[in-house]
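Okay, structure first, notes after.
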2 protein chains.
Amino acid sequence: MTNPSPVSSPSKSRLPTREGVLRAAGKIAALLPRTPLLPLALPSGETVWCKVESLQPVGAFKIRGAWHRLTDLTADERARGIVAVSSGNHAQGVAWAAARLGIAATIVMPTDAPGVKLSATRALGADVVLYDRRAQSRDAIAAELVAQSGAILVHAFADAWVIEGQGSAGIELADQMASQAGGAPTRIVCPCGGGGLASGLALACPDAQVVLVEPEHWDDVTRSLATGTIETVAANAPPTACDALQTLATFPINFTVLRDNGVTGATVTESEIRAAQRLAFAALHLVIEPGAAVALAALIAGKVPADGRTAVILSGGNVDRAAYARMLIAED
Amino acid sequence: MTNPSPVSSPSKSRLPTREGVLRAAGKIAALLPRTPLLPLALPSGETVWCKVESLQPVGAFKIRGAWHRLTDLTADERARGIVAVSSGNHAQGVAWAAARLGIAATIVMPTDAPGVKLSATRALGADVVLYDRRAQSRDAIAAELVAQSGAILVHAFADAWVIEGQGSAGIELADQMASQAGGAPTRIVCPCGGGGLASGLALACPDAQVVLVEPEHWDDVTRSLATGTIETVAANAPPTACDALQTLATFPINFTVLRDNGVTGATVTESEIRAAQRLAFAALHLVIEPGAAVALAALIAGKVPADGRTAVILSGGNVDRAAYARMLIAED
């Protein structure tokens, strides 16, 4: 595995800004009701505030960045259609926004994506192109599609609009915490694949400590922030249940924001992730997918402190029924 | 089984009113964020609006009636403590409100209540008294407790305050539908045990058709509304997964409101209930307990039409892990 390169560079055209995050938040507020902010008592007795992005129409926060990106396309760009690569949540976000705006969408997805994510993306009207995660480069496939059709690539995280759009969750969160928790968040803990959400939140809430969380062995961003240079997931990384977080490396547009805003990283085990999914089930009655439970897992495990006003992003809920049932009854 | 009699009659002191519902709604608005209203596409293609009461702090709407009732107690009444009987959701609602107000709470619960409901009620600080659902009368036990201690009985549904409190969900719902769905609900479909929620909604939304839904064989209220007199569940009724809906008969205070407002009833099978729980899992990423899924089940099954602006109450999410996993992977 090598550090994948972007097939086009929308990110080079501009850098994401807090003004862009605020503009995205305005667009989202006009489109969708706010997702709830729910208090949750950890086993330690401390309370954290959960931003429930699994209740977005596509079951994940990804609808935010997709909407901000696609609504800023010109009429000419919209006519050319868009291409995205994703294991499923960005896929659904892009497909949802494209359908609403009448834009043709082609989504490159791995053959081992959860069935619910594949079928939901197709149901939203997108054209799904499958690839073998172990044998093919999704970015090469996307590049070929873009070259053939002239379509616009909507990258899952290395894109100024996508970063700003995801950051809109932080604007909502800060406002909700001010009324529900007595003040703005002092810490925001979020799941991390490529770093789109974390970099958006860092721009949105510059006064909060943003902590991103990755599954063990898929901790490239955590290591990148520790060493000061972009690191890559090892070729022999063991499998993780977090299909949404299997990004091999972050990109400079994300890394720069994360580093410059003092974001730090933490990692959790597969067992700790299941414990977080079970707490969300029992205490909040929410279905949270593995990759969306890592941030809560780090708080439960005490790997990230829960003092002050700590917020945690529950980023998605798209998980297959059988896999979820196995998690519920697993012995750990 | 016989039609249980109330052990005291707070209901006789006054009848519930729409003004009371509005007053309850004001109290709830000052205490808790609104629960979300989420659109859901049925398999038929029609959209219904889901009021997600499973996201209340105790995982069920019951917190509404309990809060309205307990906050209206006098200082003398509060000092005497309260007694409630419940399989678990009313128990948690009362225990939550009592803890917040510093009132001693004793809750009579069946030995076969879901483990999560028993442990959550105890964790809220209530004194739980267990009884055998098949051999003992919960109302007799509650009557003895009241006689011994002078505590106030907070009935799960036959109480003007409880009815008004549950109705506050309808006030929120109507306001949310006006902004999200383009107008007030024309139909509201809700689960029914004793009829507290249904009678509250009927008072809250007099211009909507309220339809209550019960599990097959536990359809005493549906039959009562059809015959015009209070009917009782048959002694040989087969078991249902809906622990929250195993009330044997409604009470006059509820029946009068339901009848006078033209409320009608429908029934669903256990298999239809599982299908509704699975749709809530897959499309909304919500954990809904069996008794809270019956209204959605009736809409999916086409037993209640989903035309116009139809709202459905997803009333709770307190279900044991193993039981939920079994439902997810069941073959039907």
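To be explicit about the labels: the chains of the structure tokens are called A, B, and onward in the order shown, and within each one the residues are counted from 1, while ligands get numbers from 1 in the order they are shown.
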
### Query
DSSP on the backbone: what in region 24-184 of chain B comes out strand (DSSP E or B), as a list in words?
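Filtering region 24-184 of chain B down to strand (DSSP E or B) leaves Leu37, Leu38, Pro39, Leu40, Ala41, Thr47, Val48, Trp49, Cys50, Lys51, Val52, Ala60, Ile82, Val83, Ala84, Val85, Ala105, Thr106, Ile107, Val108, Met109, Pro110, Asp127, Val128, Val129, Leu130, Tyr131, Ile152 and Leu153 of chain B.
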
Would you output that residue set with N, CA and C atoms, as a PDB file, in the first residue's frame?
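The resulting part_29.pdb:
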```pdb
ATOM      1  N   LEU B  37     -37.990  15.094  15.221  1.00  0.00           N
ATOM      2  CA  LEU B  37     -39.027  14.617  14.305  1.00  0.00           C
ATOM      3  C   LEU B  37     -38.314  14.243  13.012  1.00  0.00           C
ATOM      4  N   LEU B  38     -38.337  12.969  12.650  1.00  0.00           N
ATOM      5  CA  LEU B  38     -37.561  12.497  11.498  1.00  0.00           C
ATOM      6  C   LEU B  38     -38.488  11.943  10.417  1.00  0.00           C
ATOM      7  N   PRO B  39     -38.276  12.326   9.155  1.00  0.00           N
ATOM      8  CA  PRO B  39     -39.064  11.719   8.082  1.00  0.00           C
ATOM      9  C   PRO B  39     -38.581  10.297   7.818  1.00  0.00           C
ATOM     10  N   LEU B  40     -39.510   9.438   7.467  1.00  0.00           N
ATOM     11  CA  LEU B  40     -39.171   8.045   7.166  1.00  0.00           C
ATOM     12  C   LEU B  40     -39.974   7.607   5.951  1.00  0.00           C
ATOM     13  N   ALA B  41     -39.283   7.079   4.952  1.00  0.00           N
ATOM     14  CA  ALA B  41     -39.973   6.529   3.790  1.00  0.00           C
ATOM     15  C   ALA B  41     -40.380   5.094   4.101  1.00  0.00           C
ATOM     16  N   THR B  47     -44.211   8.808   2.901  1.00  0.00           N
ATOM     17  CA  THR B  47     -43.388   9.327   3.996  1.00  0.00           C
ATOM     18  C   THR B  47     -44.245   9.553   5.230  1.00  0.00           C
ATOM     19  N   VAL B  48     -43.738   9.086   6.370  1.00  0.00           N
ATOM     20  CA  VAL B  48     -44.369   9.400   7.659  1.00  0.00           C
ATOM     21  C   VAL B  48     -43.347  10.131   8.520  1.00  0.00           C
ATOM     22  N   TRP B  49     -43.841  10.848   9.522  1.00  0.00           N
ATOM     23  CA  TRP B  49     -42.981  11.665  10.388  1.00  0.00           C
ATOM     24  C   TRP B  49     -42.899  11.028  11.760  1.00  0.00           C
ATOM     25  N   CYS B  50     -41.680  10.670  12.146  1.00  0.00           N
ATOM     26  CA  CYS B  50     -41.474   9.919  13.382  1.00  0.00           C
ATOM     27  C   CYS B  50     -41.074  10.839  14.528  1.00  0.00           C
ATOM     28  N   LYS B  51     -41.852  10.840  15.583  1.00  0.00           N
ATOM     29  CA  LYS B  51     -41.511  11.586  16.796  1.00  0.00           C
ATOM     30  C   LYS B  51     -40.729  10.623  17.699  1.00  0.00           C
ATOM     31  N   VAL B  52     -39.448  10.946  17.896  1.00  0.00           N
ATOM     32  CA  VAL B  52     -38.529   9.961  18.468  1.00  0.00           C
ATOM     33  C   VAL B  52     -38.422  10.130  19.985  1.00  0.00           C
ATOM     34  N   ALA B  60     -37.915   6.933  27.017  1.00  0.00           N
ATOM     35  CA  ALA B  60     -39.344   6.796  26.733  1.00  0.00           C
ATOM     36  C   ALA B  60     -40.082   8.088  27.065  1.00  0.00           C
ATOM     37  N   ILE B  82     -43.821   8.950  46.740  1.00  0.00           N
ATOM     38  CA  ILE B  82     -44.769   8.491  45.728  1.00  0.00           C
ATOM     39  C   ILE B  82     -44.574   6.989  45.474  1.00  0.00           C
ATOM     40  N   VAL B  83     -45.648   6.392  44.964  1.00  0.00           N
ATOM     41  CA  VAL B  83     -45.652   4.978  44.589  1.00  0.00           C
ATOM     42  C   VAL B  83     -46.148   4.880  43.156  1.00  0.00           C
ATOM     43  N   ALA B  84     -45.492   4.033  42.338  1.00  0.00           N
ATOM     44  CA  ALA B  84     -45.967   3.818  40.971  1.00  0.00           C
ATOM     45  C   ALA B  84     -45.884   2.338  40.643  1.00  0.00           C
ATOM     46  N   VAL B  85     -46.711   1.901  39.714  1.00  0.00           N
ATOM     47  CA  VAL B  85     -46.636   0.525  39.222  1.00  0.00           C
ATOM     48  C   VAL B  85     -46.354   0.578  37.729  1.00  0.00           C
ATOM     49  N   ALA B 105     -39.238   7.562  45.992  1.00  0.00           N
ATOM     50  CA  ALA B 105     -40.090   6.842  45.043  1.00  0.00           C
ATOM     51  C   ALA B 105     -39.998   5.344  45.277  1.00  0.00           C
ATOM     52  N   THR B 106     -41.165   4.701  45.349  1.00  0.00           N
ATOM     53  CA  THR B 106     -41.223   3.241  45.416  1.00  0.00           C
ATOM     54  C   THR B 106     -41.963   2.761  44.169  1.00  0.00           C
ATOM     55  N   ILE B 107     -41.331   1.853  43.417  1.00  0.00           N
ATOM     56  CA  ILE B 107     -41.927   1.414  42.157  1.00  0.00           C
ATOM     57  C   ILE B 107     -42.196  -0.087  42.221  1.00  0.00           C
ATOM     58  N   VAL B 108     -43.438  -0.472  41.921  1.00  0.00           N
ATOM     59  CA  VAL B 108     -43.834  -1.876  41.886  1.00  0.00           C
ATOM     60  C   VAL B 108     -43.657  -2.387  40.459  1.00  0.00           C
ATOM     61  N   MET B 109     -42.750  -3.365  40.279  1.00  0.00           N
ATOM     62  CA  MET B 109     -42.429  -3.851  38.930  1.00  0.00           C
ATOM     63  C   MET B 109     -42.536  -5.374  38.881  1.00  0.00           C
ATOM     64  N   PRO B 110     -42.931  -5.923  37.716  1.00  0.00           N
ATOM     65  CA  PRO B 110     -43.020  -7.378  37.605  1.00  0.00           C
ATOM     66  C   PRO B 110     -41.632  -8.019  37.553  1.00  0.00           C
ATOM     67  N   ASP B 127     -36.822   2.795  44.987  1.00  0.00           N
ATOM     68  CA  ASP B 127     -36.933   1.533  45.713  1.00  0.00           C
ATOM     69  C   ASP B 127     -37.856   0.637  44.886  1.00  0.00           C
ATOM     70  N   VAL B 128     -37.331  -0.485  44.360  1.00  0.00           N
ATOM     71  CA  VAL B 128     -38.130  -1.347  43.491  1.00  0.00           C
ATOM     72  C   VAL B 128     -38.702  -2.517  44.295  1.00  0.00           C
ATOM     73  N   VAL B 129     -40.017  -2.691  44.216  1.00  0.00           N
ATOM     74  CA  VAL B 129     -40.702  -3.825  44.848  1.00  0.00           C
ATOM     75  C   VAL B 129     -41.186  -4.748  43.734  1.00  0.00           C
ATOM     76  N   LEU B 130     -40.718  -6.002  43.751  1.00  0.00           N
ATOM     77  CA  LEU B 130     -41.055  -6.928  42.665  1.00  0.00           C
ATOM     78  C   LEU B 130     -42.326  -7.712  42.979  1.00  0.00           C
ATOM     79  N   TYR B 131     -43.049  -8.080  41.915  1.00  0.00           N
ATOM     80  CA  TYR B 131     -44.205  -8.962  42.085  1.00  0.00           C
ATOM     81  C   TYR B 131     -44.269  -9.924  40.904  1.00  0.00           C
ATOM     82  N   ILE B 152     -48.198   9.043  47.718  1.00  0.00           N
ATOM     83  CA  ILE B 152     -49.114   9.398  46.631  1.00  0.00           C
ATOM     84  C   ILE B 152     -48.947   8.398  45.496  1.00  0.00           C
ATOM     85  N   LEU B 153     -50.046   7.834  45.013  1.00  0.00           N
ATOM     86  CA  LEU B 153     -49.963   6.935  43.862  1.00  0.00           C
ATOM     87  C   LEU B 153     -49.887   7.744  42.571  1.00  0.00           C
TER      88      LEU B 153
END
```

### Message
Taking only C-alpha atoms into account and nothing else, which residues of chain B lie no more than 7 Å away from chain A? Please answer as a list in words.
### Response
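Every residue of chain B that passes the 7 Å test is in Ser54, Leu55, Phe281, Leu284, His285, Leu286, Val287, Gly317, Arg321, Ala322, Ala325, Leu328 and Ile329 of chain B.
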
Writing out the chosen residues with all heavy atoms as an mmCIF file, in the first residue's frame:
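And here is the file that came out, out.cif:
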```cif
data_model
loop_
_atom_site.group_PDB
_atom_site.id
_atom_site.type_symbol
_atom_site.label_atom_id
_atom_site.label_comp_id
_atom_site.auth_asym_id
_atom_site.auth_seq_id
_atom_site.Cartn_x
_atom_site.Cartn_y
_atom_site.Cartn_z
ATOM 1 N N SER B 54 -37.913 7.790 22.073
ATOM 2 C CA SER B 54 -36.882 6.900 22.638
ATOM 3 C C SER B 54 -35.627 7.679 23.015
ATOM 4 O O SER B 54 -34.786 7.165 23.751
ATOM 5 C CB SER B 54 -36.533 5.799 21.634
ATOM 6 O OG SER B 54 -36.121 6.381 20.402
ATOM 7 N N LEU B 55 -35.495 8.906 22.537
ATOM 8 C CA LEU B 55 -34.313 9.711 22.867
ATOM 9 C C LEU B 55 -34.507 10.580 24.110
ATOM 10 O O LEU B 55 -33.648 11.386 24.448
ATOM 11 C CB LEU B 55 -33.897 10.564 21.659
ATOM 12 C CG LEU B 55 -33.442 9.757 20.442
ATOM 13 C CD1 LEU B 55 -32.973 10.682 19.328
ATOM 14 C CD2 LEU B 55 -32.321 8.783 20.793
ATOM 15 N N PHE B 281 -34.208 0.382 12.718
ATOM 16 C CA PHE B 281 -32.769 0.100 12.773
ATOM 17 C C PHE B 281 -32.083 0.522 11.476
ATOM 18 O O PHE B 281 -31.089 1.251 11.479
ATOM 19 C CB PHE B 281 -32.558 -1.406 13.009
ATOM 20 C CG PHE B 281 -31.135 -1.867 12.844
ATOM 21 C CD1 PHE B 281 -30.281 -1.909 13.939
ATOM 22 C CD2 PHE B 281 -30.643 -2.258 11.605
ATOM 23 C CE1 PHE B 281 -28.963 -2.315 13.795
ATOM 24 C CE2 PHE B 281 -29.332 -2.663 11.453
ATOM 25 C CZ PHE B 281 -28.485 -2.685 12.547
ATOM 26 N N LEU B 284 -33.394 4.516 10.239
ATOM 27 C CA LEU B 284 -33.265 5.630 11.193
ATOM 28 C C LEU B 284 -32.131 5.426 12.185
ATOM 29 O O LEU B 284 -31.787 6.339 12.921
ATOM 30 C CB LEU B 284 -34.579 5.828 11.963
ATOM 31 C CG LEU B 284 -35.808 6.198 11.130
ATOM 32 C CD1 LEU B 284 -37.054 6.216 12.005
ATOM 33 C CD2 LEU B 284 -35.616 7.557 10.442
ATOM 34 N N HIS B 285 -31.582 4.205 12.255
ATOM 35 C CA HIS B 285 -30.480 3.910 13.181
ATOM 36 C C HIS B 285 -30.917 4.125 14.615
ATOM 37 O O HIS B 285 -30.162 4.614 15.450
ATOM 38 C CB HIS B 285 -29.242 4.733 12.819
ATOM 39 C CG HIS B 285 -29.052 4.806 11.336
ATOM 40 N ND1 HIS B 285 -28.816 3.685 10.579
ATOM 41 C CD2 HIS B 285 -29.154 5.826 10.459
ATOM 42 C CE1 HIS B 285 -28.755 4.025 9.307
ATOM 43 N NE2 HIS B 285 -28.970 5.321 9.206
ATOM 44 N N LEU B 286 -32.161 3.731 14.876
ATOM 45 C CA LEU B 286 -32.749 3.864 16.207
ATOM 46 C C LEU B 286 -33.086 2.501 16.776
ATOM 47 O O LEU B 286 -33.606 1.633 16.063
ATOM 48 C CB LEU B 286 -34.038 4.686 16.137
ATOM 49 C CG LEU B 286 -33.884 6.167 15.801
ATOM 50 C CD1 LEU B 286 -35.257 6.796 15.589
ATOM 51 C CD2 LEU B 286 -33.117 6.906 16.893
ATOM 52 N N VAL B 287 -32.788 2.339 18.070
ATOM 53 C CA VAL B 287 -33.185 1.143 18.801
ATOM 54 C C VAL B 287 -34.579 1.400 19.369
ATOM 55 O O VAL B 287 -34.751 2.281 20.216
ATOM 56 C CB VAL B 287 -32.202 0.851 19.949
ATOM 57 C CG1 VAL B 287 -32.671 -0.360 20.752
ATOM 58 C CG2 VAL B 287 -30.788 0.647 19.407
ATOM 59 N N GLY B 317 -37.196 2.988 23.802
ATOM 60 C CA GLY B 317 -36.095 2.171 23.281
ATOM 61 C C GLY B 317 -35.451 1.265 24.318
ATOM 62 O O GLY B 317 -34.322 0.827 24.134
ATOM 63 N N ARG B 321 -30.355 -6.410 25.339
ATOM 64 C CA ARG B 321 -29.456 -6.654 24.214
ATOM 65 C C ARG B 321 -29.731 -7.977 23.492
ATOM 66 O O ARG B 321 -29.819 -8.038 22.277
ATOM 67 C CB ARG B 321 -28.023 -6.712 24.739
ATOM 68 C CG ARG B 321 -27.174 -5.553 24.359
ATOM 69 C CD ARG B 321 -25.726 -5.953 24.473
ATOM 70 N NE ARG B 321 -25.215 -5.753 25.810
ATOM 71 C CZ ARG B 321 -24.127 -6.346 26.284
ATOM 72 N NH1 ARG B 321 -23.457 -7.205 25.526
ATOM 73 N NH2 ARG B 321 -23.702 -6.091 27.492
ATOM 74 N N ALA B 322 -29.868 -9.042 24.289
ATOM 75 C CA ALA B 322 -30.038 -10.366 23.681
ATOM 76 C C ALA B 322 -31.360 -10.448 22.919
ATOM 77 O O ALA B 322 -31.420 -10.996 21.818
ATOM 78 C CB ALA B 322 -29.969 -11.449 24.760
ATOM 79 N N ALA B 325 -30.972 -8.524 19.669
ATOM 80 C CA ALA B 325 -30.159 -9.266 18.695
ATOM 81 C C ALA B 325 -30.980 -10.387 18.057
ATOM 82 O O ALA B 325 -30.914 -10.611 16.846
ATOM 83 C CB ALA B 325 -28.907 -9.826 19.373
ATOM 84 N N LEU B 328 -33.206 -8.935 15.436
ATOM 85 C CA LEU B 328 -32.495 -8.515 14.225
ATOM 86 C C LEU B 328 -32.243 -9.685 13.285
ATOM 87 O O LEU B 328 -32.288 -9.533 12.066
ATOM 88 C CB LEU B 328 -31.151 -7.876 14.593
ATOM 89 C CG LEU B 328 -31.161 -6.435 15.099
ATOM 90 C CD1 LEU B 328 -29.729 -5.979 15.370
ATOM 91 C CD2 LEU B 328 -31.837 -5.487 14.115
ATOM 92 N N ILE B 329 -31.934 -10.864 13.860
ATOM 93 C CA ILE B 329 -31.545 -11.984 13.002
ATOM 94 C C ILE B 329 -32.659 -13.010 12.824
ATOM 95 O O ILE B 329 -32.462 -14.033 12.175
ATOM 96 C CB ILE B 329 -30.272 -12.682 13.544
ATOM 97 C CG1 ILE B 329 -30.509 -13.212 14.958
ATOM 98 C CG2 ILE B 329 -29.086 -11.713 13.529
ATOM 99 C CD1 ILE B 329 -29.311 -13.964 15.526
#
```

### Shell around Glu216 (chain A) at 10 Å using only C-alpha atoms, local window under 2 positions removed, as a ChimeraX atom specification
/A:213-214,218-220,237-240,266-270

### Message
Considering only alpha helix (DSSP H) as DSSP defines it on the backbone, what residues of region 63-147 of chain B qualify? List them as a PyMOL selection string.
### Response
chain B and resi 63-71+75-80+89-101+115-123+138-147

### Message
So the first atom is CA of Thr222 (chain A) and the second is CA of Ile163 (chain A); what is the distance between them in Å, to one decimal place?
### Response
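Distance between the two atoms: 18.1 Å.
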